[in-house]
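Trainee: The following block contains the structure, expressed as structure tokens.
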Amino acid sequence: MRLLEGPAWILIGAVICAWAYSTGLGTFREPGVGFVAFSSGIFIVIVGGLITLFRRPDQPKIGRISAAPLPRLLDGPAFKLTYTVGLLLFYAFFLNSLGYVITTFIALFGLFYRPSSRRLASPLLASFLSVAVTYFVFEVWLKSQLPRGIFPWW
């Protein structure tokens, strides 16, 4: 299954690039709607290529300590890949309706949280700080409007 991780990311990045190209890239000085998505797709393709090229053979996990072992299905790479793509799709679909603050907080919490550690404080704090810093940089400092969602006063 680990053999498919790199090619899966390459395929996902290629689909993002194709979609972004169809929406219009614009120029570097006047970027179009798909410029950032296309750049992100290129980055995902590069990461997938690096994963494919520099993949190490599976090594046995020695000394893994866990409070309660997760079912094998939830610990596998296929679940992690599906979970991450699902979170990104959630983010893409609900960003405008829920707003930047809520959607980004939920998505980042989902990415930071590890079920094996069962700790909530660290992912909650990391998510909150990430949203606060990015909100301050883009909304307050750069004065670019982020999606308001259900809280129009934000």
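Lettering and numbering for the structure tokens are positional, with chains as A, B, ... in the shown order, residues counted from 1 in each chain, and ligands counted from 1 in the shown order.
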Name all residues at most 10 Å from Leu146 of chain A (count only C-alpha atoms; drop same-chain ones fewer than 4 positions away) and give them as number ranges by chain.
Mentor: A: 95-96, 99-101, 135, 138-139, 154
Trainee: Can you pull out every residue from chain A that DSSP, working from the backbone, puts in alpha helix (DSSP H), and format the result as a CSV table (one decimal) with C-alpha atoms, in the first residue's frame?
Mentor:
chain,number,residue,atom,x,y,z
A,5,GLU,CA,1.2,7.0,-1.7
A,6,GLY,CA,3.5,8.9,-4.0
A,7,PRO,CA,1.5,8.2,-7.2
A,8,ALA,CA,-1.7,9.0,-5.4
A,9,TRP,CA,-0.4,12.5,-4.4
A,10,ILE,CA,0.9,13.0,-8.0
A,11,LEU,CA,-2.6,12.1,-9.3
A,12,ILE,CA,-4.3,14.4,-6.9
A,13,GLY,CA,-1.9,17.3,-7.7
A,14,ALA,CA,-2.5,16.7,-11.5
A,15,VAL,CA,-6.2,16.9,-11.0
A,16,ILE,CA,-5.9,20.1,-9.1
A,17,CYS,CA,-3.7,21.6,-11.8
A,18,ALA,CA,-6.1,20.6,-14.5
A,19,TRP,CA,-9.0,22.1,-12.7
A,20,ALA,CA,-7.1,25.3,-11.9
A,21,TYR,CA,-5.9,25.6,-15.5
A,22,SER,CA,-9.5,25.4,-16.7
A,23,THR,CA,-10.5,28.3,-14.4
A,35,PHE,CA,-3.3,30.7,-10.1
A,36,VAL,CA,-2.9,29.8,-6.4
A,37,ALA,CA,-4.7,26.4,-6.9
A,38,PHE,CA,-2.4,25.6,-9.8
A,39,SER,CA,0.7,26.5,-7.7
A,40,SER,CA,-0.6,24.3,-4.9
A,41,GLY,CA,-1.2,21.4,-7.4
A,42,ILE,CA,2.4,21.7,-8.7
A,43,PHE,CA,3.6,21.6,-5.1
A,44,ILE,CA,1.6,18.5,-4.4
A,45,VAL,CA,2.9,16.8,-7.6
A,46,ILE,CA,6.5,17.6,-6.5
A,47,VAL,CA,5.9,16.2,-3.0
A,48,GLY,CA,4.3,13.1,-4.5
A,49,GLY,CA,7.4,12.7,-6.8
A,50,LEU,CA,9.7,13.0,-3.9
A,51,ILE,CA,7.8,10.5,-1.9
A,52,THR,CA,8.0,8.1,-4.9
A,53,LEU,CA,11.7,8.6,-5.4
A,72,ARG,CA,-4.9,-1.7,12.0
A,73,LEU,CA,-7.2,-0.1,9.4
A,74,LEU,CA,-7.0,3.3,11.2
A,75,ASP,CA,-3.3,3.2,11.4
A,77,PRO,CA,-1.4,4.8,5.1
A,78,ALA,CA,-4.6,4.3,3.0
A,79,PHE,CA,-6.7,5.7,5.9
A,80,LYS,CA,-4.3,8.6,6.5
A,81,LEU,CA,-4.4,9.6,2.9
A,82,THR,CA,-8.1,9.3,2.6
A,83,TYR,CA,-8.6,11.2,5.9
A,84,THR,CA,-6.3,14.0,4.7
A,85,VAL,CA,-8.0,14.3,1.3
A,86,GLY,CA,-11.4,14.3,3.1
A,87,LEU,CA,-10.3,17.1,5.4
A,88,LEU,CA,-9.1,19.2,2.4
A,89,LEU,CA,-12.4,18.5,0.6
A,90,PHE,CA,-14.3,19.6,3.7
A,91,TYR,CA,-12.3,22.8,3.8
A,92,ALA,CA,-12.9,23.5,0.1
A,93,PHE,CA,-16.7,22.9,0.3
A,94,PHE,CA,-17.4,24.7,3.6
A,95,LEU,CA,-15.0,27.7,3.5
A,96,ASN,CA,-17.5,30.1,2.0
A,97,SER,CA,-20.5,28.9,4.0
A,98,LEU,CA,-18.9,28.5,7.4
A,100,TYR,CA,-12.5,31.2,7.3
A,101,VAL,CA,-12.1,31.1,11.1
A,102,ILE,CA,-14.4,28.2,11.8
A,103,THR,CA,-13.5,26.1,8.7
A,104,THR,CA,-9.7,26.6,9.1
A,105,PHE,CA,-9.9,25.8,12.8
A,106,ILE,CA,-11.7,22.5,12.3
A,107,ALA,CA,-9.5,21.5,9.4
A,108,LEU,CA,-6.3,22.3,11.2
A,109,PHE,CA,-7.5,20.5,14.4
A,110,GLY,CA,-8.3,17.5,12.2
A,111,LEU,CA,-4.8,17.6,10.8
A,112,PHE,CA,-3.0,18.2,14.1
A,121,ALA,CA,-4.7,20.6,24.3
A,122,SER,CA,-1.8,20.7,21.9
A,123,PRO,CA,-3.9,20.4,18.7
A,124,LEU,CA,-6.5,22.9,20.0
A,125,LEU,CA,-3.8,25.4,20.9
A,126,ALA,CA,-1.9,24.9,17.6
A,127,SER,CA,-5.1,25.3,15.6
A,128,PHE,CA,-6.1,28.4,17.5
A,129,LEU,CA,-2.7,30.0,17.1
A,130,SER,CA,-2.5,29.2,13.4
A,131,VAL,CA,-6.0,30.7,12.7
A,132,ALA,CA,-5.2,33.8,14.9
A,133,VAL,CA,-1.9,34.5,13.2
A,134,THR,CA,-3.1,34.0,9.7
A,135,TYR,CA,-6.3,36.0,10.4
Trainee: Just how far from atom CA of Pro147 of chain A is atom CA of Gly26 of chain A, in Å to one decimal?
Mentor: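 Computed distance, atom CA of Gly26 of chain A to atom CA of Pro147 of chain A, equals 22.1 Å.
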Trainee: Could you jot down the atom CA of Phe54 of chain A to atom CA of Leu4 of chain A separation for me, Å, one decimal place?
Mentor: 13.2 Å
